[in-house]
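Below is one structure, written out as structure tokens; comments come after it.
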Amino acid sequence: MKTIQVRAEAGDYAVIFGGGALARIGELIEPVRAGGEVYVLSSPRVWRFWGREVMRGLRVRREQVILFDDREMAKRMATVEKICRKLVRARADRQTLIVAVGGGVVGDVAGFAAASYLRGVKIVHVPTTVVAQMDSAIGGKTGVDLPEGKNLVGAFYPPKMVLADPRVLRTLPARQFRAGIYEIIKCGVIDDAELFRFLEREIGSVMRMNERALDWTMERSVRLKASVVSRDEHESGLRQILNFGHTMGHALETATGYKRFLHGEAVAWGMVGAAVIGVGLGRLKESEASRIARLVARCGELPALPKISDEMLTRFISSDKKSRGGRVGWVIPRRVGAVDTGVEVPDWLLGAAWREMPAFFARARAEVRGKRR
Ligand SMILES: NC(=O)c1ccc[n+]([C@@H]2O[C@H](COP(=O)([O-])OP(=O)(O)OC[C@H]3O[C@@H](n4cnc5c(N)ncnc54)[C@H](O)[C@@H]3O)[C@@H](O)[C@H]2O)c1
Ligand SMILES: [Zn+2]
């Protein structure tokens with residue numbers, strides 16, 4: 001078991017990472033529980049797989065478990081209200097410790113509920129997806145969606161501890177798992193060339209969930225996220241590197257009504273897009289862009305890009321909430337392992353890259369297939 005420390009204004013916290021962490025949850029959270037009652041927030045689906053182990057570890061009664069729908073559509077204020085009302089009826093007081101067991105949706109909703117209930121009760125995250133373990137559970141961003149857009153209401157509310165057991169990833173649907181791996185590739189490109197090289201050698205083992213390979217990559221990405229948010233908790237600078245692939249990724253999700261792509265898949269296309277743009281700007285060597293596209297291609301099939309004009313794409317991109325006064329700051333790689341943030345991309349180049357992307361990715365895919373034979 002490894003302990004990775006995260007710095008936060010409201011108090012530092014530990015990410016405990018390792019196979020077998022879940023079985024020891026009772027003992028591990030003891031220091032932060034400080035005598036308070038534990039309430040577990042999770043979803044019916046996650047609970048079906050992992051509920052028994054959590055109940056055994058925490059010795060909670062059924063009344064202390066609150067399950068809620070974890071589909072993205074349910075990531076709403078109404079769900080937070082329902083949870084808070086259940087907490088009142090269960091007599092949860094200010095000493096309460098919430099334990100959130102689930103993917104990013106459970107973590108974001110539970111985190112916001114914990115931040116708001118009685119003006120704040122303690123929370124421990126037990127993330128159960130790749131994305132939740134190496135991204136959403138670390139860094140204190142919580143929140144819900146509005147009909148007008150995703151993650152528009154929320155709070156920075158760091159947990160007291162994160163307990164990430166890579167063994168729980170075994171029950172993830174293959175597509176969800178793969179979507180998470182794209183975010184790990186992101187970590188390699190933005191700040192960890194060694195992780196990227198490891199994936200170039202071992203992506204096959206990672207995709208087969210070989211324990212050694214998966215644990216190594218997961219731990220490496222957890223450390224990267226922990227280090228970035230420790231240095232820039234409130235996203236005033238460095239933390240922006242985590243948005244690599246997300247500028248175009250978000251636009252693709254919006255353009256397709258959040259139906260065609262899982263978030264990670266949209267980010268995968270977004271990384272290919274940013275790489276092609278990087279080449280167009282003369283900031284990135286074509287051979288490095290191809291490495292990124294090839295590694296993405298080796299993970300499996302991606303849903304096809306939507307057939308939209310480059311004007312439409314430009315419009316979706318400039319309406320992203322992270323653009324400042326219509327100016328979009330792109331994250332563009334310099335090479336594998338280093339990126340620049342706040343890069344301006346002229347519309348004509350964005351259009352050209354958008355038209356070139358399918359062929360660029362098809363070439364990478366053909367190279368990968370050729371090698372396999
Ligand atoms: N707060 C942040 O910093 C941050 C960062 C990234 C993403 N997010 C948010 O996270 C959400 C996406 O999270 P996600 O990718 O973890 O997906 P998710 O929470 O939507 O979960 C995906 C599916 O997997 C199921 N599941 C979860 N764990 C499982 C397990 N171990 N076995 C079997 N099934 C399991 C869930 O029930 C769900 O059906 C989005 O709402 C996104 O906005 C937040
Ligand atoms: Zn993401």
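Residues in the structure tokens are named by chain (A, B, ... in the order shown) and by number from 1 within that chain; ligands are numbered from 1 in the order shown.
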**Request:** Would you kindly return, as a list of chain:residue names, each protein, DNA or RNA residue with an atom no farther than 8 Å from any atom of Gly245 in chain A, considering only C-alpha atoms and excluding same-chain residues fewer than 3 positions away?
**Result:**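 These residues fall inside the cut-off: A:Lys186, A:Met248, A:Gly249, A:Val267, A:Ala268, A:Trp269, A:Gly270, A:Met271, A:Val272, A:Gly273, A:Ala274, A:Val331.
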**Message:** Excluding Gln64 in chain A and its own-chain neighbours fewer than 2 positions away, which residues fall within 8 Å of it when counting only C-alpha atoms? Please give them as a list in words.
**Reply:**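 Answer for this query is Val38, Tyr39, Val40, Val60, Arg61, Arg62, Ile66 and Ala90 of chain A.
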Enumerate residues in contact with ligand 2: an atom-to-atom distance of at most 7 Å, counting only C-alpha atoms and all ligand atoms. Format the result as a JSON list (two decimals) with N, CA, C and O atoms, in the first residue's frame.
```
[["chain", "number", "residue", "atom", "x", "y", "z"],
["A", 183, "GLU", "N", -7.25, 8.79, -20.53],
["A", 183, "GLU", "CA", -6.86, 9.87, -19.60],
["A", 183, "GLU", "C", -5.47, 9.60, -19.01],
["A", 183, "GLU", "O", -4.75, 10.52, -18.65],
["A", 246, "HIS", "N", -8.95, 18.17, -23.85],
["A", 246, "HIS", "CA", -10.30, 18.46, -23.39],
["A", 246, "HIS", "C", -10.98, 19.59, -24.13],
["A", 246, "HIS", "O", -12.20, 19.69, -24.14],
["A", 263, "HIS", "N", -16.67, 10.24, -22.18],
["A", 263, "HIS", "CA", -15.79, 11.38, -22.02],
["A", 263, "HIS", "C", -14.35, 11.08, -22.46],
["A", 263, "HIS", "O", -13.75, 11.82, -23.25],
["A", 264, "GLY", "N", -13.81, 9.98, -21.99],
["A", 264, "GLY", "CA", -12.43, 9.62, -22.31],
["A", 264, "GLY", "C", -12.21, 9.43, -23.81],
["A", 264, "GLY", "O", -11.14, 9.74, -24.34],
["A", 267, "VAL", "N", -11.94, 12.75, -25.34],
["A", 267, "VAL", "CA", -10.62, 13.29, -25.01],
["A", 267, "VAL", "C", -9.55, 12.66, -25.90],
["A", 267, "VAL", "O", -8.60, 13.33, -26.32]]
```
Tell me, counting only C-alpha atoms and all ligand atoms, for each residue of chain A within 8 Å of ligand 1, which pair of atoms is nearest and how far apart they are in Å to one decimal, in rows ordered by chain and increasing number, as a tab-separated table.
```
residue	atom	partner	partner_atom_place_in_ligand_line	distance
A:Ser43	CA	ligand 1	37 (O)	6.3
A:Pro44	CA	ligand 1	37 (O)	7.3
A:Arg45	CA	ligand 1	37 (O)	4.8
A:Val46	CA	ligand 1	29 (C)	5.1
A:Phe49	CA	ligand 1	32 (N)	6.3
A:Trp50	CA	ligand 1	31 (N)	7.3
A:Asp70	CA	ligand 1	37 (O)	5.8
A:Arg71	CA	ligand 1	20 (O)	5.9
A:Glu72	CA	ligand 1	41 (O)	5.8
A:Lys75	CA	ligand 1	41 (O)	7.0
A:Gly102	CA	ligand 1	28 (N)	5.1
A:Gly103	CA	ligand 1	19 (O)	3.4
A:Gly104	CA	ligand 1	13 (O)	3.2
A:Val105	CA	ligand 1	19 (O)	3.9
A:Val106	CA	ligand 1	19 (O)	5.8
A:Gly107	CA	ligand 1	1 (N)	7.3
A:Asp108	CA	ligand 1	1 (N)	5.5
A:Pro127	CA	ligand 1	28 (N)	7.5
A:Thr128	CA	ligand 1	28 (N)	4.3
A:Thr129	CA	ligand 1	28 (N)	4.7
A:Val130	CA	ligand 1	16 (O)	6.6
A:Val131	CA	ligand 1	16 (O)	4.8
A:Ala132	CA	ligand 1	16 (O)	4.5
A:Gln133	CA	ligand 1	16 (O)	7.9
A:Asp135	CA	ligand 1	5 (C)	5.2
A:Ser136	CA	ligand 1	2 (C)	3.6
A:Ala137	CA	ligand 1	1 (N)	6.4
A:Ile138	CA	ligand 1	3 (O)	6.8
A:Gly139	CA	ligand 1	3 (O)	6.3
A:Gly140	CA	ligand 1	1 (N)	6.7
A:Lys141	CA	ligand 1	1 (N)	4.3
A:Thr142	CA	ligand 1	1 (N)	5.0
A:Gly143	CA	ligand 1	1 (N)	7.2
A:Val144	CA	ligand 1	41 (O)	7.8
A:Lys150	CA	ligand 1	43 (O)	6.9
A:Asn151	CA	ligand 1	43 (O)	6.4
A:Val168	CA	ligand 1	31 (N)	4.8
A:Leu169	CA	ligand 1	31 (N)	4.8
A:Arg170	CA	ligand 1	31 (N)	6.7
A:Thr171	CA	ligand 1	32 (N)	4.0
A:Leu172	CA	ligand 1	33 (C)	3.9
A:Pro173	CA	ligand 1	33 (C)	6.2
A:Gln176	CA	ligand 1	22 (C)	6.3
A:Ala179	CA	ligand 1	15 (O)	7.6
A:Gly180	CA	ligand 1	15 (O)	6.7
A:Leu262	CA	ligand 1	15 (O)	8.0
A:His263	CA	ligand 1	15 (O)	7.1
A:Gly264	CA	ligand 1	15 (O)	7.5
```
**Request:** Rank nothing, just name the residue among A:Arg355, A:Lys160, A:Arg365, A:Arg220 nearest to Ser309 in chain A, using only C-alpha atoms.
**Result:** A:Arg355
Residues within 9 Å of Leu313 in chain A, only C-alpha atoms, excluding chain neighbours under 3 positions, as an mmCIF file with N, CA, C and O atoms, in the first residue's frame:
```
data_model
loop_
_atom_site.group_PDB
_atom_site.id
_atom_site.type_symbol
_atom_site.label_atom_id
_atom_site.label_comp_id
_atom_site.auth_asym_id
_atom_site.auth_seq_id
_atom_site.Cartn_x
_atom_site.Cartn_y
_atom_site.Cartn_z
ATOM 1 N N MET A 248 -11.039 20.250 -27.447
ATOM 2 C CA MET A 248 -11.806 19.644 -28.526
ATOM 3 C C MET A 248 -12.703 18.525 -27.996
ATOM 4 O O MET A 248 -13.819 18.327 -28.494
ATOM 5 N N ALA A 251 -15.972 19.846 -26.899
ATOM 6 C CA ALA A 251 -16.747 20.265 -28.073
ATOM 7 C C ALA A 251 -17.383 19.051 -28.752
ATOM 8 O O ALA A 251 -18.542 19.102 -29.177
ATOM 9 N N LEU A 252 -16.642 17.943 -28.834
ATOM 10 C CA LEU A 252 -17.187 16.738 -29.459
ATOM 11 C C LEU A 252 -18.337 16.174 -28.640
ATOM 12 O O LEU A 252 -19.343 15.702 -29.181
ATOM 13 N N ALA A 255 -21.269 18.512 -29.246
ATOM 14 C CA ALA A 255 -21.761 18.396 -30.627
ATOM 15 C C ALA A 255 -22.584 17.132 -30.827
ATOM 16 O O ALA A 255 -23.438 17.076 -31.701
ATOM 17 N N ILE A 308 -19.488 17.332 -38.781
ATOM 18 C CA ILE A 308 -19.859 18.741 -38.634
ATOM 19 C C ILE A 308 -18.817 19.597 -39.359
ATOM 20 O O ILE A 308 -17.666 19.193 -39.496
ATOM 21 N N SER A 309 -19.265 20.774 -39.776
ATOM 22 C CA SER A 309 -18.348 21.654 -40.495
ATOM 23 C C SER A 309 -17.326 22.227 -39.520
ATOM 24 O O SER A 309 -17.534 22.203 -38.304
ATOM 25 N N ASP A 310 -16.231 22.759 -40.052
ATOM 26 C CA ASP A 310 -15.252 23.336 -39.127
ATOM 27 C C ASP A 310 -15.777 24.614 -38.477
ATOM 28 O O ASP A 310 -15.388 24.941 -37.360
ATOM 29 N N PHE A 316 -18.590 25.448 -31.228
ATOM 30 C CA PHE A 316 -18.679 24.634 -30.009
ATOM 31 C C PHE A 316 -17.468 24.866 -29.102
ATOM 32 O O PHE A 316 -17.578 24.915 -27.897
ATOM 33 N N ILE A 317 -16.319 25.024 -29.720
ATOM 34 C CA ILE A 317 -15.103 25.194 -28.928
ATOM 35 C C ILE A 317 -15.087 26.535 -28.210
ATOM 36 O O ILE A 317 -14.741 26.620 -27.040
ATOM 37 N N SER A 318 -15.535 27.595 -28.874
ATOM 38 C CA SER A 318 -15.453 28.900 -28.192
ATOM 39 C C SER A 318 -16.572 29.087 -27.178
ATOM 40 O O SER A 318 -16.503 29.996 -26.354
ATOM 41 N N LEU A 350 -7.430 25.537 -36.968
ATOM 42 C CA LEU A 350 -8.333 24.582 -36.325
ATOM 43 C C LEU A 350 -9.138 23.832 -37.387
ATOM 44 O O LEU A 350 -9.262 22.608 -37.349
ATOM 45 N N GLY A 351 -9.652 24.580 -38.374
ATOM 46 C CA GLY A 351 -10.421 23.960 -39.458
ATOM 47 C C GLY A 351 -9.578 22.963 -40.244
ATOM 48 O O GLY A 351 -10.011 21.841 -40.518
ATOM 49 N N TRP A 354 -8.997 19.874 -38.175
ATOM 50 C CA TRP A 354 -10.236 19.085 -38.088
ATOM 51 C C TRP A 354 -10.435 18.242 -39.344
ATOM 52 O O TRP A 354 -10.830 17.090 -39.279
#
```
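Minimum atom-to-atom distance to Ala100 in chain A, evaluated using only C-alpha atoms, belongs to A:Val126 out of A:Val336, A:Ala226, A:Met218, A:Val126.
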**Request:** Determine which residues of range 14-43 of chain A receive a DSSP assignment of strand (DSSP E), computed from the backbone, and state them as a VMD selection string.
**Result:** chain A and resid 14 to 17 38 to 42
Let me see the file: selected residues, N, CA and C atoms, as a short mmCIF file (atom, residue, chain, number, x, y, z; two decimals), in the first residue's frame.
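As a result, result22.cif now contains:
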```
data_model
loop_
_atom_site.label_atom_id
_atom_site.label_comp_id
_atom_site.auth_asym_id
_atom_site.auth_seq_id
_atom_site.Cartn_x
_atom_site.Cartn_y
_atom_site.Cartn_z
N ALA A 14 -4.32 12.26 2.41
CA ALA A 14 -3.55 11.17 1.83
C ALA A 14 -4.39 10.42 0.81
N VAL A 15 -3.74 10.05 -0.29
CA VAL A 15 -4.34 9.08 -1.20
C VAL A 15 -3.67 7.76 -0.87
N ILE A 16 -4.46 6.81 -0.40
CA ILE A 16 -3.91 5.49 -0.10
C ILE A 16 -4.21 4.62 -1.30
N PHE A 17 -3.15 4.12 -1.93
CA PHE A 17 -3.30 3.41 -3.19
C PHE A 17 -2.72 2.00 -3.08
N VAL A 38 -20.52 6.90 10.34
CA VAL A 38 -20.19 6.80 8.92
C VAL A 38 -21.47 6.62 8.11
N TYR A 39 -21.60 7.41 7.03
CA TYR A 39 -22.69 7.19 6.06
C TYR A 39 -22.04 6.94 4.70
N VAL A 40 -22.53 5.91 4.03
CA VAL A 40 -21.94 5.56 2.75
C VAL A 40 -22.84 6.07 1.63
N LEU A 41 -22.26 6.76 0.66
CA LEU A 41 -23.01 7.17 -0.54
C LEU A 41 -22.45 6.39 -1.72
N SER A 42 -23.35 5.75 -2.46
CA SER A 42 -22.91 4.96 -3.61
C SER A 42 -24.06 4.82 -4.59
#
```
**Request:** Do a neighbour search on His234 in chain A at 9 Å with only C-alpha atoms, toss out local chain neighbours closer than 2 positions, and write the hits as a VMD selection string.
**Result:** chain A and resid 139 141 156 229 232 236 to 237 239
**Request:** Just give me the gap between CA of Ala115 in chain A and CA of Ala155 in chain A in Å, one decimal is fine.
**Result:** 7.2 Å
**Message:** Env of range 299-301 of chain A: 8 Å cut, atoms = only C-alpha atoms, seq-sep filter 2 positions within chain, self excluded. Answer as a ChimeraX atom specification.
**Reply:** /A:178,181,203,207,295-297,303
**Item:** Interatomic distance (Å, one decimal) between CA of Gly329 in chain A and CA of Ala275 in chain A
**Value:**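 Going from CA of Gly329 in chain A over to CA of Ala275 in chain A, I get 14.7 Å.
Proximity of A:Arg315, A:Arg76, A:Arg283, A:His125 to Asp340 in chain A, computed with only C-alpha atoms, is greatest for A:Arg283.
Considering only C-alpha atoms, the residue among A:Asp347, A:Glu148, A:Glu356, A:Asp165 positioned nearest to Glu211 in chain A is A:Asp165.
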With only C-alpha atoms counted and 9 Å as the cut-off, give the residues of range 152-270 of chain A in contact with range 1-6 of chain A, each with its shortest interatomic distance in Å and the pair that gives it, as JSON lines.
```
{"residue": "A:Glu219", "atom": "CA", "partner": "A:Lys2", "partner_atom": "CA", "distance": 8.6}
{"residue": "A:Val222", "atom": "CA", "partner": "A:Ile4", "partner_atom": "CA", "distance": 8.3}
{"residue": "A:Arg223", "atom": "CA", "partner": "A:Ile4", "partner_atom": "CA", "distance": 6.8}
{"residue": "A:Ala226", "atom": "CA", "partner": "A:Val6", "partner_atom": "CA", "distance": 5.5}
{"residue": "A:Ser227", "atom": "CA", "partner": "A:Val6", "partner_atom": "CA", "distance": 7.0}
{"residue": "A:Val229", "atom": "CA", "partner": "A:Val6", "partner_atom": "CA", "distance": 7.5}
{"residue": "A:Ser230", "atom": "CA", "partner": "A:Val6", "partner_atom": "CA", "distance": 5.5}
```
Show me, as a PDB file with C-alpha atoms, in the first residue's frame, the residues that have an atom within 9 Å of Gly120 in chain A when counting only C-alpha atoms, minus same-chain residues fewer than 5 positions from it.
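part-v3.pdb, freshly written:
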```pdb
ATOM      1  CA  ARG A  94     -21.732  17.559  12.010  1.00  0.00           C
ATOM      2  CA  ALA A 113     -23.484  17.059  -0.825  1.00  0.00           C
ATOM      3  CA  ALA A 114     -20.712  16.766   1.794  1.00  0.00           C
ATOM      4  CA  ALA A 115     -19.611  20.350   1.113  1.00  0.00           C
ATOM      5  CA  TYR A 157     -14.078  20.631  -1.280  1.00  0.00           C
TER       6      TYR A 157
END
```
**Request:** Just list the residues in range 125-273 of chain A DSSP gives alpha helix (DSSP H) on the backbone, as a PyMOL selection string.
**Result:** chain A and resi 130-131+174-191+193-207+211-231+246-255+263-273
Within 8 Å of range 77-86 of chain A, counting only C-alpha atoms, which residues qualify if same-chain residues fewer than 5 places away don't, as a PDB file with N, CA, C and O atoms, in the first residue's frame?
```pdb
ATOM      1  N   ILE A  66     -26.734   5.074   1.613  1.00  0.00           N
ATOM      2  CA  ILE A  66     -27.666   5.806   0.741  1.00  0.00           C
ATOM      3  C   ILE A  66     -27.224   5.588  -0.704  1.00  0.00           C
ATOM      4  O   ILE A  66     -26.111   5.958  -1.079  1.00  0.00           O
ATOM      5  N   PHE A  68     -27.827   6.180  -4.818  1.00  0.00           N
ATOM      6  CA  PHE A  68     -28.492   7.053  -5.780  1.00  0.00           C
ATOM      7  C   PHE A  68     -28.006   6.749  -7.192  1.00  0.00           C
ATOM      8  O   PHE A  68     -26.905   6.228  -7.389  1.00  0.00           O
ATOM      9  N   VAL A 109     -21.099  14.208  -6.978  1.00  0.00           N
ATOM     10  CA  VAL A 109     -22.366  14.487  -6.292  1.00  0.00           C
ATOM     11  C   VAL A 109     -22.183  14.387  -4.778  1.00  0.00           C
ATOM     12  O   VAL A 109     -22.590  15.277  -4.024  1.00  0.00           O
ATOM     13  N   ALA A 110     -21.552  13.293  -4.337  1.00  0.00           N
ATOM     14  CA  ALA A 110     -21.349  13.095  -2.901  1.00  0.00           C
ATOM     15  C   ALA A 110     -20.466  14.198  -2.332  1.00  0.00           C
ATOM     16  O   ALA A 110     -20.701  14.698  -1.232  1.00  0.00           O
ATOM     17  N   PHE A 112     -20.194  17.273  -3.395  1.00  0.00           N
ATOM     18  CA  PHE A 112     -20.960  18.513  -3.286  1.00  0.00           C
ATOM     19  C   PHE A 112     -21.967  18.425  -2.132  1.00  0.00           C
ATOM     20  O   PHE A 112     -22.154  19.403  -1.397  1.00  0.00           O
ATOM     21  N   ALA A 113     -22.570  17.258  -1.956  1.00  0.00           N
ATOM     22  CA  ALA A 113     -23.484  17.059  -0.825  1.00  0.00           C
ATOM     23  C   ALA A 113     -22.716  17.235   0.490  1.00  0.00           C
ATOM     24  O   ALA A 113     -23.178  17.934   1.406  1.00  0.00           O
ATOM     25  N   TYR A 117     -23.957  19.908   3.126  1.00  0.00           N
ATOM     26  CA  TYR A 117     -24.764  19.415   4.246  1.00  0.00           C
ATOM     27  C   TYR A 117     -24.242  19.989   5.561  1.00  0.00           C
ATOM     28  O   TYR A 117     -23.043  19.868   5.874  1.00  0.00           O
ATOM     29  N   VAL A 144     -22.283  19.514  -9.741  1.00  0.00           N
ATOM     30  CA  VAL A 144     -23.352  18.880 -10.520  1.00  0.00           C
ATOM     31  C   VAL A 144     -23.580  19.655 -11.819  1.00  0.00           C
ATOM     32  O   VAL A 144     -23.058  20.752 -12.000  1.00  0.00           O
ATOM     33  N   ASP A 145     -24.374  19.057 -12.691  1.00  0.00           N
ATOM     34  CA  ASP A 145     -24.687  19.673 -13.980  1.00  0.00           C
ATOM     35  C   ASP A 145     -25.980  20.495 -13.881  1.00  0.00           C
ATOM     36  O   ASP A 145     -26.801  20.274 -12.991  1.00  0.00           O
ATOM     37  N   LEU A 146     -26.148  21.418 -14.806  1.00  0.00           N
ATOM     38  CA  LEU A 146     -27.424  22.116 -15.002  1.00  0.00           C
ATOM     39  C   LEU A 146     -27.899  21.741 -16.411  1.00  0.00           C
ATOM     40  O   LEU A 146     -27.094  21.314 -17.234  1.00  0.00           O
TER      41      LEU A 146
END
```
**Asked** Closest to Ala304 in chain A among A:Phe361, A:Phe244, A:Tyr13, A:Trp216, using only C-alpha atoms?
**Response**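 The answer is A:Phe361, which sits nearest to Ala304 in chain A.
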